[in-house]
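Working notes, beginning with the structure itself.
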Amino acid sequence: MTITRGDRVGERGALVERLLSIMDQKNHWAWPKLTKPGLSRAALAAHFRHEYRTYVRDFPVLLARVLGQGPPDDVRIALAENLYEEQTGKLSLGVPHPALFLEMIDGLGIDRASIEDPAIPLEPEALTYRAMLDRVSASPPWQIGAAVLTIFVEGSVHERAELEGTRKLPPIDEVIRTHPMVLHYGCPPERMRLARAHRAVEGGHRRDAWNMLLAHVPPASDLAASVVDAMSEALTLWQAYRSAVARHLV
């Protein structure tokens with residue numbers, strides 16, 4: 001999706017800019033540790049365990065909660081398509097995204113039990129972040145949950161470039177070949193199908209996320225302010241969560 005000139009001016013433009021400013025900050029200081037060699041399998045397991053159990057495994061459930069609030073038909077269609085792909089993968093590779101995530105874990109030679117076992121505790125900050133996702137996904141107004149899940153959680157620090165149409169991505173085979181988990185940690189490229197699934201569908205998800213927001217959130221309203229506040233809260237809790245997990249990356 002490209003944000004048009006009309007979306008960048010006036011009150012609507014101010015709302016878009018406030019949200020993009022939040023996404024500009026979705027970049028944690030510890031991320032470079034995961035792009036270089038040297039981490040133990042235990043450190044990788046701690047990182048992926050938190051990602052999986054905090055949001056990857058249950059992301060379809062979180063989407064379903066927003067859908068269950070009964071938003072307008074255009075939003076129902078977008079959320080249902082996103083949910084269908086996350087839970088079944090049938091718009092891309094035919095495998096649920098959480099299962100594709102675990103394929104990568106297998107490729108890294110990490111025992112799935114170290115990722116999935118509920119007896120292994122998560123960091124408190126991860127639980128706080130997840131509690132926020134549970135709250136906004138299950139509580140009206142639906143716009144807040146939709147924004148946090150489809151813009152913040154599914155989006156990245158590259159959101160501005162994505163929406164302005166200036167981000168240039170290498171071919172997916174090159175992305176996988178140079179992925180740190182392949183390059184430094186020996187994951188076979190064929191076990192990185194999650195990256196292929198994301199490339200296949202993520203452009204549509206980004207477009208739908210912003211269309212839902214701009215169509216159903218009056219830009220100079222209390223609802224718009226609440227969306228911005230929720231996104232800011234998500235960023236703060238996500239940063240704390242990532243800092244807590246970073247303690248394992250040694």
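Just remember, in the structure tokens the first chain shown is A, the second B, etc., residues are 1-based per chain, and ligands are 1-based in the order shown.
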
Hey, could you make a per-residue contact list for stretch 132-214 of chain A against stretch 12-19 of chain A with 10 Å as the cut-off, showing the nearest pair of atoms and its distance in Å to one decimal, counting only C-alpha atoms, sorted by chain and number, as JSON lines?
{"residue": "A:Ala147", "atom": "CA", "partner": "A:Leu19", "partner_atom": "CA", "distance": 9.6}
{"residue": "A:Ile151", "atom": "CA", "partner": "A:Leu19", "partner_atom": "CA", "distance": 8.9}
{"residue": "A:Phe152", "atom": "CA", "partner": "A:Leu19", "partner_atom": "CA", "distance": 9.0}
{"residue": "A:Glu159", "atom": "CA", "partner": "A:Leu19", "partner_atom": "CA", "distance": 9.8}
{"residue": "A:Arg160", "atom": "CA", "partner": "A:Glu17", "partner_atom": "CA", "distance": 9.1}
{"residue": "A:Trp210", "atom": "CA", "partner": "A:Val16", "partner_atom": "CA", "distance": 9.0}
{"residue": "A:Leu213", "atom": "CA", "partner": "A:Val16", "partner_atom": "CA", "distance": 9.4}
{"residue": "A:Leu214", "atom": "CA", "partner": "A:Arg12", "partner_atom": "CA", "distance": 7.6}

task: Write down as a list in words the residues of stretch 32-63 of chain A whose backbone DSSP state falls under alpha helix (DSSP H).
output: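 Put together, the selection reads Arg41, Ala42, Ala43, Leu44, Ala45, Ala46, His47, Phe48, Arg49, His50, Glu51, Phe59, Pro60, Val61, Leu62 and Leu63 of chain A.
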
Print the selection's residues with all heavy atoms to a file, as a CSV table (one decimal), in the first residue's frame.
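Written output follows (out-v7.csv):
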chain,number,residue,atom,x,y,z
A,41,ARG,N,22.8,-22.4,21.4
A,41,ARG,CA,21.5,-22.9,21.1
A,41,ARG,C,20.5,-22.5,22.2
A,41,ARG,O,19.4,-22.3,22.0
A,41,ARG,CB,21.5,-24.4,20.9
A,41,ARG,CG,22.1,-24.8,19.5
A,41,ARG,CD,21.2,-24.2,18.4
A,41,ARG,NE,21.6,-24.7,17.0
A,41,ARG,CZ,22.5,-24.1,16.2
A,41,ARG,NH1,23.1,-23.1,16.7
A,41,ARG,NH2,22.7,-24.5,15.0
A,42,ALA,N,21.0,-22.5,23.5
A,42,ALA,CA,20.2,-22.2,24.6
A,42,ALA,C,19.7,-20.7,24.5
A,42,ALA,O,18.5,-20.4,24.8
A,42,ALA,CB,20.9,-22.3,25.9
A,43,ALA,N,20.6,-19.8,24.0
A,43,ALA,CA,20.2,-18.4,23.8
A,43,ALA,C,19.2,-18.3,22.7
A,43,ALA,O,18.2,-17.6,22.8
A,43,ALA,CB,21.4,-17.6,23.6
A,44,LEU,N,19.4,-19.0,21.6
A,44,LEU,CA,18.4,-19.0,20.5
A,44,LEU,C,17.1,-19.5,21.0
A,44,LEU,O,16.0,-19.0,20.6
A,44,LEU,CB,19.0,-19.8,19.3
A,44,LEU,CG,20.2,-19.2,18.6
A,44,LEU,CD1,20.6,-20.2,17.5
A,44,LEU,CD2,19.8,-17.8,17.9
A,45,ALA,N,17.1,-20.6,21.7
A,45,ALA,CA,15.9,-21.2,22.2
A,45,ALA,C,15.1,-20.2,23.1
A,45,ALA,O,13.9,-20.1,23.0
A,45,ALA,CB,16.2,-22.5,23.0
A,46,ALA,N,15.8,-19.5,23.9
A,46,ALA,CA,15.2,-18.5,24.8
A,46,ALA,C,14.5,-17.4,24.0
A,46,ALA,O,13.3,-17.0,24.2
A,46,ALA,CB,16.2,-17.9,25.8
A,47,HIS,N,15.2,-16.9,23.0
A,47,HIS,CA,14.6,-15.9,22.1
A,47,HIS,C,13.3,-16.5,21.4
A,47,HIS,O,12.2,-15.9,21.5
A,47,HIS,CB,15.6,-15.5,21.0
A,47,HIS,CG,15.0,-14.7,19.9
A,47,HIS,ND1,14.6,-13.4,20.0
A,47,HIS,CD2,14.8,-15.1,18.6
A,47,HIS,CE1,14.1,-13.0,18.9
A,47,HIS,NE2,14.2,-14.0,18.0
A,48,PHE,N,13.5,-17.6,20.7
A,48,PHE,CA,12.3,-18.1,20.0
A,48,PHE,C,11.2,-18.6,20.9
A,48,PHE,O,10.0,-18.6,20.5
A,48,PHE,CB,12.8,-19.2,19.0
A,48,PHE,CG,13.6,-18.7,17.9
A,48,PHE,CD1,14.9,-19.1,17.7
A,48,PHE,CD2,13.1,-17.7,17.0
A,48,PHE,CE1,15.7,-18.6,16.6
A,48,PHE,CE2,13.9,-17.2,16.0
A,48,PHE,CZ,15.2,-17.6,15.8
A,49,ARG,N,11.5,-19.1,22.0
A,49,ARG,CA,10.5,-19.5,23.0
A,49,ARG,C,9.6,-18.3,23.3
A,49,ARG,O,8.4,-18.5,23.4
A,49,ARG,CB,11.1,-20.1,24.3
A,49,ARG,CG,10.1,-20.4,25.4
A,49,ARG,CD,10.7,-21.2,26.5
A,49,ARG,NE,11.8,-20.6,27.1
A,49,ARG,CZ,13.1,-20.9,27.1
A,49,ARG,NH1,13.5,-22.0,26.3
A,49,ARG,NH2,14.0,-20.3,27.7
A,50,HIS,N,10.2,-17.2,23.6
A,50,HIS,CA,9.4,-16.0,23.9
A,50,HIS,C,8.6,-15.5,22.7
A,50,HIS,O,7.5,-15.1,22.9
A,50,HIS,CB,10.4,-14.9,24.5
A,50,HIS,CG,10.7,-15.1,25.9
A,50,HIS,ND1,11.7,-16.0,26.3
A,50,HIS,CD2,10.2,-14.6,27.0
A,50,HIS,CE1,11.8,-15.9,27.6
A,50,HIS,NE2,10.9,-15.1,28.1
A,51,GLU,N,9.2,-15.5,21.6
A,51,GLU,CA,8.5,-15.1,20.4
A,51,GLU,C,7.3,-16.0,20.2
A,51,GLU,O,6.1,-15.5,19.9
A,51,GLU,CB,9.4,-15.1,19.2
A,51,GLU,CG,10.5,-14.1,19.2
A,51,GLU,CD,10.0,-12.7,19.0
A,51,GLU,OE1,9.8,-12.3,17.8
A,51,GLU,OE2,9.8,-12.0,20.0
A,59,PHE,N,-1.4,-15.9,17.6
A,59,PHE,CA,-1.8,-14.7,16.8
A,59,PHE,C,-3.1,-14.9,16.1
A,59,PHE,O,-4.0,-14.0,16.1
A,59,PHE,CB,-0.7,-14.3,15.8
A,59,PHE,CG,-0.9,-13.0,15.2
A,59,PHE,CD1,-0.8,-11.8,16.0
A,59,PHE,CD2,-1.3,-12.8,13.9
A,59,PHE,CE1,-1.0,-10.6,15.5
A,59,PHE,CE2,-1.5,-11.6,13.4
A,59,PHE,CZ,-1.4,-10.4,14.1
A,60,PRO,N,-3.4,-16.1,15.6
A,60,PRO,CA,-4.8,-16.3,15.0
A,60,PRO,C,-5.9,-16.1,16.0
A,60,PRO,O,-7.0,-15.6,15.7
A,60,PRO,CB,-4.7,-17.7,14.5
A,60,PRO,CG,-3.3,-18.0,14.3
A,60,PRO,CD,-2.6,-17.3,15.4
A,61,VAL,N,-5.7,-16.5,17.3
A,61,VAL,CA,-6.7,-16.4,18.3
A,61,VAL,C,-6.9,-14.9,18.6
A,61,VAL,O,-8.0,-14.4,18.8
A,61,VAL,CB,-6.2,-17.1,19.6
A,61,VAL,CG1,-7.2,-16.8,20.7
A,61,VAL,CG2,-6.1,-18.6,19.3
A,62,LEU,N,-5.8,-14.1,18.7
A,62,LEU,CA,-5.9,-12.7,18.9
A,62,LEU,C,-6.7,-12.0,17.8
A,62,LEU,O,-7.6,-11.2,18.1
A,62,LEU,CB,-4.5,-12.1,19.0
A,62,LEU,CG,-3.7,-12.6,20.2
A,62,LEU,CD1,-2.3,-12.0,20.1
A,62,LEU,CD2,-4.3,-12.3,21.5
A,63,LEU,N,-6.4,-12.4,16.6
A,63,LEU,CA,-7.2,-11.8,15.4
A,63,LEU,C,-8.7,-12.2,15.5
A,63,LEU,O,-9.6,-11.4,15.3
A,63,LEU,CB,-6.7,-12.3,14.1
A,63,LEU,CG,-5.3,-11.8,13.7
A,63,LEU,CD1,-4.8,-12.5,12.4
A,63,LEU,CD2,-5.4,-10.3,13.4

message: I'd like the contact shell of A:His216 - 9 Å cut-off, only C-alpha atoms, skipping same-chain residues fewer than 5 positions apart - returned as a list in words.
response: Pro72, Gln143 and Asn211 of chain A

- request: Please provide the set of residues having any atom within 9 Å of stretch 20-30 of chain A, restricted to only C-alpha atoms, with same-chain residues fewer than 5 positions apart removed, written as a PyMOL selection string.
  value: chain A and resi 15+151-152+155-160+228+231-232+235+238-239+242-243+246+249
